[in-house]
Structure formats: C-alpha cells, structure tokens
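Enquirer: Data file upload-v3.pdb (PDB, C-alpha atoms) is appended below.
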ATOM      1  CA  MET A  23      -4.187 -15.061   5.242
ATOM      2  CA  PRO A  24      -7.358 -16.114   3.413
ATOM      3  CA  ILE A  25      -8.158 -14.432   0.126
ATOM      4  CA  THR A  26     -11.242 -12.247  -0.068
ATOM      5  CA  PRO A  27     -13.736 -12.360  -2.924
ATOM      6  CA  GLN A  28     -12.679  -8.806  -3.834
ATOM      7  CA  GLU A  29      -9.021  -9.806  -4.100
ATOM      8  CA  LEU A  30      -9.879 -12.792  -6.265
ATOM      9  CA  GLU A  31     -11.985 -10.591  -8.545
ATOM     10  CA  SER A  32      -9.213  -7.988  -8.742
ATOM     11  CA  PHE A  33      -6.619 -10.607  -9.668
ATOM     12  CA  THR A  34      -8.931 -12.226 -12.201
ATOM     13  CA  GLN A  35      -9.569  -8.884 -13.885
ATOM     14  CA  PHE A  36      -5.845  -8.088 -13.868
ATOM     15  CA  ALA A  37      -4.953 -11.424 -15.482
ATOM     16  CA  ALA A  38      -7.752 -11.189 -18.046
ATOM     17  CA  ARG A  39      -6.676  -7.649 -18.957
ATOM     18  CA  ARG A  40      -3.076  -8.763 -19.401
ATOM     19  CA  LEU A  41      -4.088 -11.629 -21.648
ATOM     20  CA  SER A  42      -6.571  -9.598 -23.692
ATOM     21  CA  ASP A  43      -3.921  -6.898 -24.243
ATOM     22  CA  GLY A  44      -1.779  -9.586 -25.852
ATOM     23  CA  ASP A  45       0.798  -9.582 -23.053
ATOM     24  CA  THR A  46       2.808 -12.734 -22.612
ATOM     25  CA  VAL A  47       2.451 -14.115 -19.106
ATOM     26  CA  PRO A  48       5.001 -16.927 -18.637
ATOM     27  CA  SER A  49       3.251 -18.419 -15.617
ATOM     28  CA  LEU A  50       0.366 -17.952 -13.261
ATOM     29  CA  GLU A  51       2.860 -17.359 -10.442
ATOM     30  CA  GLU A  52       4.542 -14.523 -12.352
ATOM     31  CA  CYS A  53       1.169 -12.977 -13.103
ATOM     32  CA  LEU A  54       0.332 -13.153  -9.389
ATOM     33  CA  GLN A  55       3.661 -11.517  -8.497
ATOM     34  CA  GLN A  56       2.993  -8.693 -10.968
ATOM     35  CA  TRP A  57      -0.524  -8.198  -9.577
ATOM     36  CA  ARG A  58       0.836  -8.055  -6.020
ATOM     37  CA  ALA A  59       3.500  -5.535  -7.043
ATOM     38  CA  ASP A  60       0.847  -3.379  -8.715
ATOM     39  CA  CYS A  61      -1.335  -3.549  -5.592
ATOM     40  CA  GLU A  62       1.576  -2.604  -3.335
ATOM     41  CA  ARG A  63       2.517   0.294  -5.618
ATOM     42  CA  ARG A  64      -1.088   1.530  -5.622
ATOM     43  CA  GLU A  65      -1.322   1.279  -1.809
ATOM     44  CA  LEU A  66       1.956   3.145  -1.403
ATOM     45  CA  HIS A  67       0.728   5.894  -3.720
ATOM     46  CA  GLU A  68      -2.511   6.178  -1.718
ATOM     47  CA  ASP A  69      -0.562   6.344   1.570
ATOM     48  CA  VAL A  70       1.750   9.066   0.271
ATOM     49  CA  GLN A  71      -1.228  11.032  -1.053
ATOM     50  CA  ALA A  72      -2.998  10.758   2.324
ATOM     51  CA  SER A  73       0.176  11.937   4.093
ATOM     52  CA  LEU A  74       0.466  14.940   1.803
ATOM     53  CA  GLU A  75      -3.176  15.801   2.464
ATOM     54  CA  ASP A  76      -2.587  15.516   6.233
ATOM     55  CA  TYR A  77       0.408  17.827   5.929
ATOM     56  CA  ALA A  78      -1.516  20.364   3.841
ATOM     57  CA  ALA A  79      -4.362  20.332   6.377
ATOM     58  CA  GLY A  80      -1.981  20.826   9.316
ATOM     59  CA  ARG A  81      -2.627  17.406  10.861
ATOM     60  CA  VAL A  82       1.054  16.704  11.504
ATOM     61  CA  LYS A  83       3.586  17.577  14.167
ATOM     62  CA  PRO A  84       7.378  17.809  14.129
ATOM     63  CA  LEU A  85       9.157  14.486  14.632
ATOM     64  CA  ASP A  86      11.001  15.634  17.760
ATOM     65  CA  GLN A  87       7.656  16.577  19.347
ATOM     66  CA  ALA A  88       6.155  13.198  18.407
ATOM     67  CA  PHE A  89       9.140  11.405  19.973
ATOM     68  CA  ASP A  90       8.818  13.539  23.127
ATOM     69  CA  ASP A  91       5.126  12.554  23.349
ATOM     70  CA  VAL A  92       6.030   8.855  23.077
ATOM     71  CA  ARG A  93       8.770   9.203  25.697
ATOM     72  CA  ARG A  94       6.313  10.877  28.082
ATOM     73  CA  GLN A  95       3.750   8.103  27.505
ATOM     74  CA  LEU A  96       6.410   5.489  28.285
ATOM     75  CA  GLY A  97       7.648   7.391  31.349
ATOM     76  CA  LEU A  98      11.067   8.015  29.808
ATOM     77  CA  PRO A  99      13.039  11.244  30.196
ATOM     78  CA  THR A 100      12.463  13.773  27.407
TER      79      THR A 100
END
Can you turn what I pasted into structure tokens?

Expert:
Amino acid sequence: MPITPQELESFTQFAARRLSDGDTVPSLEECLQQWRADCERRELHEDVQASLEDYAAGRVKPLDQAFDDVRRQLGLPT
C-alpha cells in the first residue's frame, strides 16, 4: 500500500522527536516498527472509545439479536 504524505510526515515527526529526546534508535527499521506499534495502539484506543460512546448512546444491540439479524439476511434458520 502506498504511503501518504500524512503518514510520512507523522513518521518523520516521530523519529525526530525520538532523536531530539536523546533516545537511542538502533536502526531505521526499529524506529519504523515502534512508530507502527504506536499508531496501532492509538487506533485501538480510538476504536474502543468510539465503542464505549456507542454503548452509552444506546447504539448497540445484544449479540444474539445481531446474529439473528445476520441469519435472517442470509436466509438461515434463527
């Protein structure tokens, strides 16, 4: 997947911050792995927060009801 200008800028800022903080970065590859892990952690946090907000706002349904809806859509017995 091609990199976007925003991703390149984000990584560049991450690497520059690490270096300016005096962190030792053994390799560019390790720095990239750390940046990706940070991004994934941030995305997961945002997803969990959105789910909690959906729950608080009543925009969820019980899992058994969701499965019944899918079965009906697929023409399977419920």

Enquirer: Go ahead and compute the interatomic distance for CA of Arg39 in chain A and CA of Leu54 in chain A, in Å to one decimal.

Expert: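 Taking CA of Arg39 in chain A and CA of Leu54 in chain A, their separation equals 13.1 Å.
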
Enquirer: Quick one: distance from CA of Glu29 in chain A to CA of Arg58 in chain A in Å, one decimal?

Expert: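 Between CA of Glu29 in chain A and CA of Arg58 in chain A the gap works out to 10.2 Å.
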
Enquirer: Just give me the gap between CA of Thr34 in chain A and CA of Glu62 in chain A in Å, one decimal is fine.

Expert: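 It comes out at 16.8 Å.
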
Enquirer: Select, from A:Phe36, A:Val92, A:Glu68, A:Leu41, the residue with the minimum atom-to-atom distance to Gln55 in chain A, counting all atoms listed in the file.

Expert: A:Phe36

Enquirer: Looking at A:His67, A:Val47, A:Ala79, A:Trp57, which one is nearest to Glu31 in chain A, with distances taken over all atoms listed in the file?

Expert: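 When distances to Glu31 in chain A are compared using all atoms listed in the file, the smallest one comes from A:Trp57.
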
Enquirer: As lines of an AutoDock Vina configuration file, please report the centre and edge lengths, rounded to one decimal in Å, of the axis-aligned box that holds all listed atoms of range 32-43 of chain A with 4 Å of padding on each of the six sides.

Expert:
center_x = -6.3
center_y = -9.6
center_z = -16.5
size_x = 14.5
size_y = 13.3
size_z = 23.5
